[in-house]
>>> print(open('query_7.tsv').read())   # TSV, C-alpha atoms
chain	number	residue	atom	x	y	z
P	2	MET	CA	47.79	-4.11	27.43
P	3	ARG	CA	44.52	-5.86	28.14
P	4	TYR	CA	42.67	-2.54	28.32
P	5	PHE	CA	44.21	-1.52	25.00
P	6	VAL	CA	43.03	-4.75	23.34
P	7	LEU	CA	39.56	-4.37	24.88
P	8	LEU	CA	39.32	-0.75	23.71
P	9	ALA	CA	40.41	-1.73	20.19
P	10	ALA	CA	37.82	-4.50	20.14
P	11	LEU	CA	35.07	-2.11	21.24
P	12	LEU	CA	36.09	0.43	18.60
P	13	LEU	CA	36.10	-2.29	15.95
P	14	LEU	CA	32.68	-3.50	17.06
P	15	GLY	CA	31.35	0.05	17.07
P	16	SER	CA	32.66	0.72	13.58
P	17	THR	CA	31.16	-2.58	12.37
P	18	CYS	CA	27.75	-1.69	13.78
P	19	THR	CA	27.91	1.78	12.25
P	20	ALA	CA	28.73	0.35	8.84
P	21	PHE	CA	25.41	-1.49	8.70
P	22	GLN	CA	23.28	1.42	9.85
P	23	VAL	CA	21.10	2.85	7.10
P	24	LYS	CA	19.35	6.16	7.60
P	25	PRO	CA	16.00	6.22	5.81
P	26	THR	CA	14.68	9.23	3.95
P	27	VAL	CA	11.08	10.04	4.90
P	28	ASN	CA	8.90	12.68	3.27
P	29	THR	CA	5.55	13.73	4.69
P	30	LEU	CA	2.92	15.13	2.34
P	31	ASN	CA	-0.49	16.65	3.01
P	32	PHE	CA	-2.89	17.11	0.10
P	33	GLU	CA	-6.50	16.90	-1.03
P	34	VAL	CA	-8.15	14.67	-3.65
P	35	GLU	CA	-11.37	15.74	-5.35
P	36	ASP	CA	-13.15	14.08	-8.30
P	37	GLY	CA	-10.08	12.73	-10.08
P	38	VAL	CA	-6.68	11.10	-9.62
P	39	VAL	CA	-3.80	12.55	-7.63
P	40	CYS	CA	-0.36	10.92	-7.83
P	41	MET	CA	2.88	11.40	-5.90
P	42	TYR	CA	6.24	10.26	-7.27
P	43	SER	CA	9.56	9.05	-5.86
P	44	MET	CA	12.87	8.46	-7.62
P	45	GLY	CA	15.11	5.70	-6.28
P	46	ALA	CA	18.83	6.30	-5.89
P	47	ASP	CA	19.78	2.65	-6.35
P	48	PHE	CA	18.47	-0.88	-6.86
P	49	HIS	CA	16.88	-2.79	-4.00
P	50	GLU	CA	15.57	0.12	-2.01
P	51	GLY	CA	13.01	-0.59	0.63
P	52	VAL	CA	9.95	1.64	0.30
P	53	SER	CA	7.37	2.16	3.01
P	54	VAL	CA	4.16	4.09	2.37
P	55	HIS	CA	1.82	5.09	5.17
P	56	TYR	CA	-1.27	7.13	4.45
P	57	HIS	CA	-4.00	8.39	6.75
P	58	ILE	CA	-7.34	9.83	5.58
P	59	LEU	CA	-8.09	12.96	7.58
P	60	TYR	CA	-11.60	13.47	6.17
P	61	GLY	CA	-13.80	12.45	3.24
P	62	GLY	CA	-14.18	8.68	3.78
P	63	ASP	CA	-12.37	5.61	2.43
P	64	ASP	CA	-14.24	5.14	-0.88
P	65	PHE	CA	-11.25	5.43	-3.22
P	66	ASP	CA	-8.69	3.24	-5.02
P	67	PHE	CA	-4.99	3.34	-4.12
P	68	TYR	CA	-2.28	1.86	-6.31
P	69	VAL	CA	1.50	1.91	-6.70
P	70	ARG	CA	3.08	1.57	-10.16
P	71	ASP	CA	6.60	1.66	-11.54
P	72	SER	CA	7.89	3.58	-14.56
P	73	LEU	CA	6.72	0.78	-16.89
P	74	ASN	CA	3.17	1.21	-15.56
P	75	LYS	CA	3.46	-2.17	-13.86
P	76	THR	CA	1.23	-2.46	-10.80
P	77	VAL	CA	3.25	-3.02	-7.63
P	78	TYR	CA	0.32	-2.73	-5.22
P	79	VAL	CA	-3.38	-1.98	-5.52
P	80	SER	CA	-6.21	-1.66	-3.01
P	81	TYR	CA	-9.76	-0.94	-4.16
P	82	ALA	CA	-12.52	0.83	-2.25
P	83	GLY	CA	-13.86	-1.48	0.43
P	84	GLU	CA	-10.53	-3.32	0.80
P	85	HIS	CA	-8.90	-0.76	3.09
P	86	GLY	CA	-9.80	1.56	5.92
P	87	LEU	CA	-8.89	5.15	6.71
P	88	GLU	CA	-5.27	4.13	7.28
P	89	ASP	CA	-2.97	1.70	5.50
P	90	ARG	CA	0.72	0.76	5.22
P	91	VAL	CA	2.49	-0.63	2.15
P	92	TYR	CA	6.01	-2.10	1.95
P	93	PHE	CA	7.89	-3.22	-1.16
P	94	THR	CA	11.39	-3.37	-2.69
P	95	THR	CA	12.28	-1.45	-5.85
P	96	GLN	CA	13.79	-3.27	-8.83
P	97	ASN	CA	15.22	-0.26	-10.70
P	98	ARG	CA	16.33	3.34	-10.27
P	99	GLN	CA	13.35	4.80	-12.03
P	100	GLU	CA	10.41	6.58	-10.47
P	101	HIS	CA	7.38	5.04	-8.79
P	102	SER	CA	3.94	6.60	-8.59
P	103	TYR	CA	1.55	6.50	-5.64
P	104	CYS	CA	-1.96	7.36	-6.82
P	105	PHE	CA	-5.31	7.98	-5.16
P	106	ASP	CA	-8.23	7.48	-7.55
P	107	ASN	CA	-11.41	9.18	-6.31
P	108	ARG	CA	-13.46	8.68	-9.49
P	109	GLY	CA	-16.58	6.56	-9.67
P	110	TYR	CA	-17.51	6.69	-5.99
P	111	SER	CA	-19.02	9.37	-3.75
P	112	LYS	CA	-16.45	11.88	-5.12
P	113	ARG	CA	-16.25	13.61	-1.75
P	114	LYS	CA	-13.16	15.74	-1.22
P	115	LYS	CA	-10.60	13.82	0.82
P	116	GLY	CA	-7.78	15.17	2.96
P	117	ILE	CA	-4.79	12.82	3.03
P	118	LYS	CA	-1.55	12.71	4.98
P	119	MET	CA	1.04	10.39	3.44
P	120	ASP	CA	4.56	9.40	4.52
P	121	ILE	CA	6.93	7.91	1.91
P	122	GLY	CA	10.16	6.39	3.26
P	123	LEU	CA	13.12	5.10	1.21
P	124	THR	CA	15.84	2.90	2.71
P	125	SER	CA	18.83	1.42	0.87
P	126	LEU	CA	18.91	-2.38	1.06
P	127	LYS	CA	22.00	-2.82	-1.14
P	128	ARG	CA	24.10	-4.16	1.76
P	129	TRP	CA	21.46	-6.83	2.40
P	130	LYS	CA	21.03	-7.79	-1.26
P	131	GLN	CA	22.43	-11.32	-0.84
P	132	ARG	CA	19.98	-11.99	1.98
P	133	ILE	CA	17.04	-10.61	0.03
P	134	ASP	CA	17.78	-12.27	-3.32
P	135	PRO	CA	16.36	-15.76	-2.49
P	136	LEU	CA	13.08	-14.23	-1.37
P	137	GLN	CA	13.00	-11.98	-4.43
P	138	ARG	CA	13.58	-14.93	-6.75
P	139	ALA	CA	10.68	-16.75	-5.14
P	140	MET	CA	8.53	-13.64	-5.46
P	141	HIS	CA	9.48	-13.16	-9.12
P	142	LYS	CA	8.31	-16.69	-9.90
P	143	ASN	CA	4.89	-15.90	-8.50
P	144	ASP	CA	4.78	-12.32	-9.78
P	145	GLY	CA	3.31	-13.18	-13.17
P	146	PHE	CA	0.84	-15.58	-11.61
P	147	PHE	CA	-0.51	-13.02	-9.15
P	148	LEU	CA	-0.63	-10.28	-11.79
P	149	GLY	CA	-2.60	-12.68	-13.98
P	150	LEU	CA	-4.99	-13.24	-11.09
P	151	LEU	CA	-5.33	-9.48	-10.70
P	152	ASP	CA	-6.18	-9.08	-14.39
P	153	ASP	CA	-8.67	-11.95	-14.17
P	154	GLN	CA	-10.25	-10.34	-11.11
P	155	MET	CA	-10.65	-7.02	-12.92
P	156	LEU	CA	-12.14	-8.77	-15.98
P	157	LEU	CA	-14.55	-10.72	-13.76
P	158	ARG	CA	-15.64	-7.50	-12.06
P	159	MET	CA	-16.25	-5.85	-15.42
P	160	ARG	CA	-18.23	-8.86	-16.64
P	161	GLU	CA	-20.17	-8.94	-13.39
P	162	ASN	CA	-21.09	-5.27	-13.79
P	163	ASP	CA	-22.12	-5.82	-17.43
P	164	LEU	CA	-24.19	-8.86	-16.46
P	165	ARG	CA	-25.85	-6.95	-13.62
P	166	ILE	CA	-26.76	-4.08	-15.97
P	167	HIS	CA	-28.09	-6.57	-18.53
P	168	VAL	CA	-30.18	-8.39	-15.90
P	169	GLU	CA	-31.57	-5.10	-14.61
P	170	LYS	CA	-32.56	-4.11	-18.16
P	171	LEU	CA	-34.24	-7.46	-18.73
P	172	TYR	CA	-36.07	-7.16	-15.41
P	173	SER	CA	-37.28	-3.66	-16.33
P	174	LEU	CA	-38.46	-4.89	-19.73
P	175	MET	CA	-40.28	-7.84	-18.15
P	176	VAL	CA	-41.98	-5.58	-15.60
P	177	ALA	CA	-42.99	-3.11	-18.32
P	178	ARG	CA	-44.29	-5.94	-20.53
P	179	GLY	CA	-46.23	-7.45	-17.62
P	180	ILE	CA	-47.84	-4.13	-16.76
P	181	THR	CA	-48.70	-3.54	-20.44
P	182	GLU	CA	-50.30	-6.98	-20.77
P	183	VAL	CA	-52.34	-6.45	-17.59
P	184	VAL	CA	-53.54	-3.07	-18.86
P	185	LEU	CA	-54.47	-4.56	-22.24
P	186	ILE	CA	-56.34	-7.46	-20.61
P	187	VAL	CA	-58.26	-5.13	-18.30
P	188	ALA	CA	-59.06	-2.81	-21.20
P	189	THR	CA	-60.25	-5.76	-23.34
P	190	VAL	CA	-62.45	-7.03	-20.52
P	191	LEU	CA	-63.96	-3.58	-19.99
P	192	VAL	CA	-64.63	-3.17	-23.72
P	193	ASN	CA	-66.30	-6.58	-23.84
P	194	ILE	CA	-68.44	-5.77	-20.80
P	195	VAL	CA	-69.54	-2.47	-22.30
P	196	PHE	CA	-70.25	-4.07	-25.67
P	197	ILE	CA	-72.25	-6.97	-24.17
P	198	SER	CA	-74.19	-4.56	-21.97
P	199	TYR	CA	-75.02	-2.50	-25.03
P	200	LEU	CA	-76.27	-5.56	-26.88
P	201	PHE	CA	-78.46	-6.61	-23.95
P	202	ARG	CA	-79.95	-3.12	-23.69
P	203	ARG	CA	-80.82	-3.07	-27.41
P	204	ARG	CA	-82.45	-6.48	-27.22
P	205	SER	CA	-84.45	-5.51	-24.15
P	206	LYS	CA	-85.77	-2.43	-25.94
P	207	LYS	CA	-87.04	-4.56	-28.82
>>> encode(input="query_7.tsv", output="structure tokens")
Amino acid sequence: MRYFVLLAALLLLGSTCTAFQVKPTVNTLNFEVEDGVVCMYSMGADFHEGVSVHYHILYGGDDFDFYVRDSLNKTVYVSYAGEHGLEDRVYFTTQNRQEHSYCFDNRGYSKRKKGIKMDIGLTSLKRWKQRIDPLQRAMHKNDGFFLGLLDDQMLLRMRENDLRIHVEKLYSLMVARGITEVVLIVATVLVNIVFISYLFRRRSKK
């Protein structure tokens, strides 16, 4: 009787452990990015899916932008050139069943062809929703704030670039004006020297 109870308890424990096992779906992609944008897409089967993205640059360098967006074109994650290396991992939780895009933007930099290997894994977190909800609520409160910071950062970068271009133009104009003034002064001095020498020669002849 004791062995029967122990066996039943082990079977119950085994079935309980199996019920919480979640098998992730992982897709491995190999592709190239030239002078442009290449995006991969995933469609979630349910709310609160855990997504893991791991990419590795095989060749071409790390001068590119990588971003993840949802179907509403809302930025979930972004990493600009200089903020990542040849390998990076991204984790986030989906909020809807619609597709997400994972894009590599190779415009505006060296434009070298890049070979990329990327793994996209999807894992259902529906069973753990009650545990995740408090953290998600805290994240939602800060979501707008951080997205606002991201927009401000992009605007500041654009203004910085415009200001740098304007300063470089002003510097070029100042250098050109300085050179022109020096040339005019030297030319005026030479003309005066020639003219005075001419006057002295005429007077000496008289």
>>> closest_residue(input="query_7.tsv", among="P:Arg160, P:Arg178, P:Arg70, P:Lys170", to="P:Gln96", atoms="all atoms listed in the file")
P:Arg70
>>> atom_distance(input="query_7.tsv", atom1="atom CA of P:Tyr81", atom2="atom CA of P:Arg165")
19.6 Å
>>> residues_around(input="query_7.tsv", residues="P:His85", least_positions_apart="5", cutoff="12 Å", atoms="only C-alpha atoms", output="count of residues only")
14
>>> closest_residue(input="query_7.tsv", among="P:Gly116, P:Gly51, P:Gly83, P:Gly122", to="P:Val34", atoms="only C-alpha atoms")
P:Gly116
>>> atom_distance(input="query_7.tsv", atom1="atom CA of P:Thr76", atom2="atom CA of P:Arg108")
18.5 Å
>>> atom_distance(input="query_7.tsv", atom1="atom CA of P:Val190", atom2="atom CA of P:Tyr172")
26.9 Å
>>> closest_residue(input="query_7.tsv", among="P:Phe93, P:Ile166, P:Arg204, P:Leu185", to="P:Glu50", atoms="only C-alpha atoms")
P:Phe93
>>> closest_residue(input="query_7.tsv", among="P:Leu59, P:Cys104, P:Tyr110, P:Leu30", to="P:Ala82", atoms="all atoms listed in the file")
P:Tyr110
>>> build_atoms(input="query_7.tsv", residues="stretch 50-69 of chain P", atoms="N, CA, C and O atoms", output="mmCIF file, in the coordinates of the input")
data_model
loop_
_atom_site.group_PDB
_atom_site.id
_atom_site.type_symbol
_atom_site.label_atom_id
_atom_site.label_comp_id
_atom_site.auth_asym_id
_atom_site.auth_seq_id
_atom_site.Cartn_x
_atom_site.Cartn_y
_atom_site.Cartn_z
ATOM 1 N N GLU P 50 15.916 -0.799 -3.082
ATOM 2 C CA GLU P 50 15.570 0.120 -2.010
ATOM 3 C C GLU P 50 14.253 -0.319 -1.383
ATOM 4 O O GLU P 50 13.307 -0.684 -2.080
ATOM 5 N N GLY P 51 14.239 -0.287 -0.063
ATOM 6 C CA GLY P 51 13.010 -0.590 0.630
ATOM 7 C C GLY P 51 12.131 0.655 0.718
ATOM 8 O O GLY P 51 12.594 1.720 1.110
ATOM 9 N N VAL P 52 10.881 0.514 0.309
ATOM 10 C CA VAL P 52 9.950 1.640 0.300
ATOM 11 C C VAL P 52 8.806 1.335 1.268
ATOM 12 O O VAL P 52 8.225 0.243 1.226
ATOM 13 N N SER P 53 8.514 2.281 2.114
ATOM 14 C CA SER P 53 7.370 2.160 3.010
ATOM 15 C C SER P 53 6.445 3.348 2.770
ATOM 16 O O SER P 53 6.894 4.498 2.696
ATOM 17 N N VAL P 54 5.170 3.055 2.606
ATOM 18 C CA VAL P 54 4.160 4.090 2.370
ATOM 19 C C VAL P 54 3.100 3.963 3.459
ATOM 20 O O VAL P 54 2.550 2.883 3.678
ATOM 21 N N HIS P 55 2.849 5.063 4.125
ATOM 22 C CA HIS P 55 1.820 5.090 5.170
ATOM 23 C C HIS P 55 0.926 6.290 4.904
ATOM 24 O O HIS P 55 1.400 7.431 4.856
ATOM 25 N N TYR P 56 -0.347 6.019 4.655
ATOM 26 C CA TYR P 56 -1.270 7.130 4.450
ATOM 27 C C TYR P 56 -2.402 7.075 5.473
ATOM 28 O O TYR P 56 -2.780 6.008 5.951
ATOM 29 N N HIS P 57 -2.916 8.246 5.779
ATOM 30 C CA HIS P 57 -4.000 8.390 6.750
ATOM 31 C C HIS P 57 -5.013 9.383 6.191
ATOM 32 O O HIS P 57 -4.642 10.494 5.802
ATOM 33 N N ILE P 58 -6.275 8.964 6.099
ATOM 34 C CA ILE P 58 -7.340 9.830 5.580
ATOM 35 C C ILE P 58 -7.845 10.720 6.713
ATOM 36 O O ILE P 58 -8.368 10.221 7.712
ATOM 37 N N LEU P 59 -7.678 12.009 6.543
ATOM 38 C CA LEU P 59 -8.090 12.960 7.580
ATOM 39 C C LEU P 59 -9.586 13.225 7.528
ATOM 40 O O LEU P 59 -10.227 13.392 8.566
ATOM 41 N N TYR P 60 -10.158 13.272 6.329
ATOM 42 C CA TYR P 60 -11.600 13.470 6.170
ATOM 43 C C TYR P 60 -11.988 13.058 4.753
ATOM 44 O O TYR P 60 -11.144 12.966 3.858
ATOM 45 N N GLY P 61 -13.281 12.766 4.563
ATOM 46 C CA GLY P 61 -13.800 12.450 3.240
ATOM 47 C C GLY P 61 -14.176 10.996 3.022
ATOM 48 O O GLY P 61 -14.778 10.652 2.005
ATOM 49 N N GLY P 62 -13.798 10.077 3.954
ATOM 50 C CA GLY P 62 -14.180 8.680 3.780
ATOM 51 C C GLY P 62 -13.114 7.857 3.082
ATOM 52 O O GLY P 62 -12.099 8.372 2.607
ATOM 53 N N ASP P 63 -13.356 6.539 3.001
ATOM 54 C CA ASP P 63 -12.370 5.610 2.430
ATOM 55 C C ASP P 63 -12.825 5.004 1.111
ATOM 56 O O ASP P 63 -12.350 3.944 0.713
ATOM 57 N N ASP P 64 -13.764 5.665 0.408
ATOM 58 C CA ASP P 64 -14.240 5.140 -0.880
ATOM 59 C C ASP P 64 -13.367 5.670 -2.015
ATOM 60 O O ASP P 64 -13.726 6.588 -2.737
ATOM 61 N N PHE P 65 -12.186 5.069 -2.170
ATOM 62 C CA PHE P 65 -11.250 5.430 -3.220
ATOM 63 C C PHE P 65 -10.374 4.223 -3.520
ATOM 64 O O PHE P 65 -10.342 3.259 -2.761
ATOM 65 N N ASP P 66 -9.655 4.264 -4.654
ATOM 66 C CA ASP P 66 -8.690 3.240 -5.020
ATOM 67 C C ASP P 66 -7.280 3.788 -4.805
ATOM 68 O O ASP P 66 -7.012 4.958 -5.105
ATOM 69 N N PHE P 67 -6.387 2.948 -4.304
ATOM 70 C CA PHE P 67 -4.990 3.340 -4.120
ATOM 71 C C PHE P 67 -4.113 2.313 -4.824
ATOM 72 O O PHE P 67 -4.303 1.108 -4.666
ATOM 73 N N TYR P 68 -3.161 2.797 -5.630
ATOM 74 C CA TYR P 68 -2.280 1.860 -6.310
ATOM 75 C C TYR P 68 -0.876 2.461 -6.438
ATOM 76 O O TYR P 68 -0.695 3.684 -6.460
ATOM 77 N N VAL P 69 0.097 1.561 -6.511
ATOM 78 C CA VAL P 69 1.500 1.910 -6.700
ATOM 79 C C VAL P 69 1.954 1.276 -8.007
ATOM 80 O O VAL P 69 1.742 0.081 -8.228
#
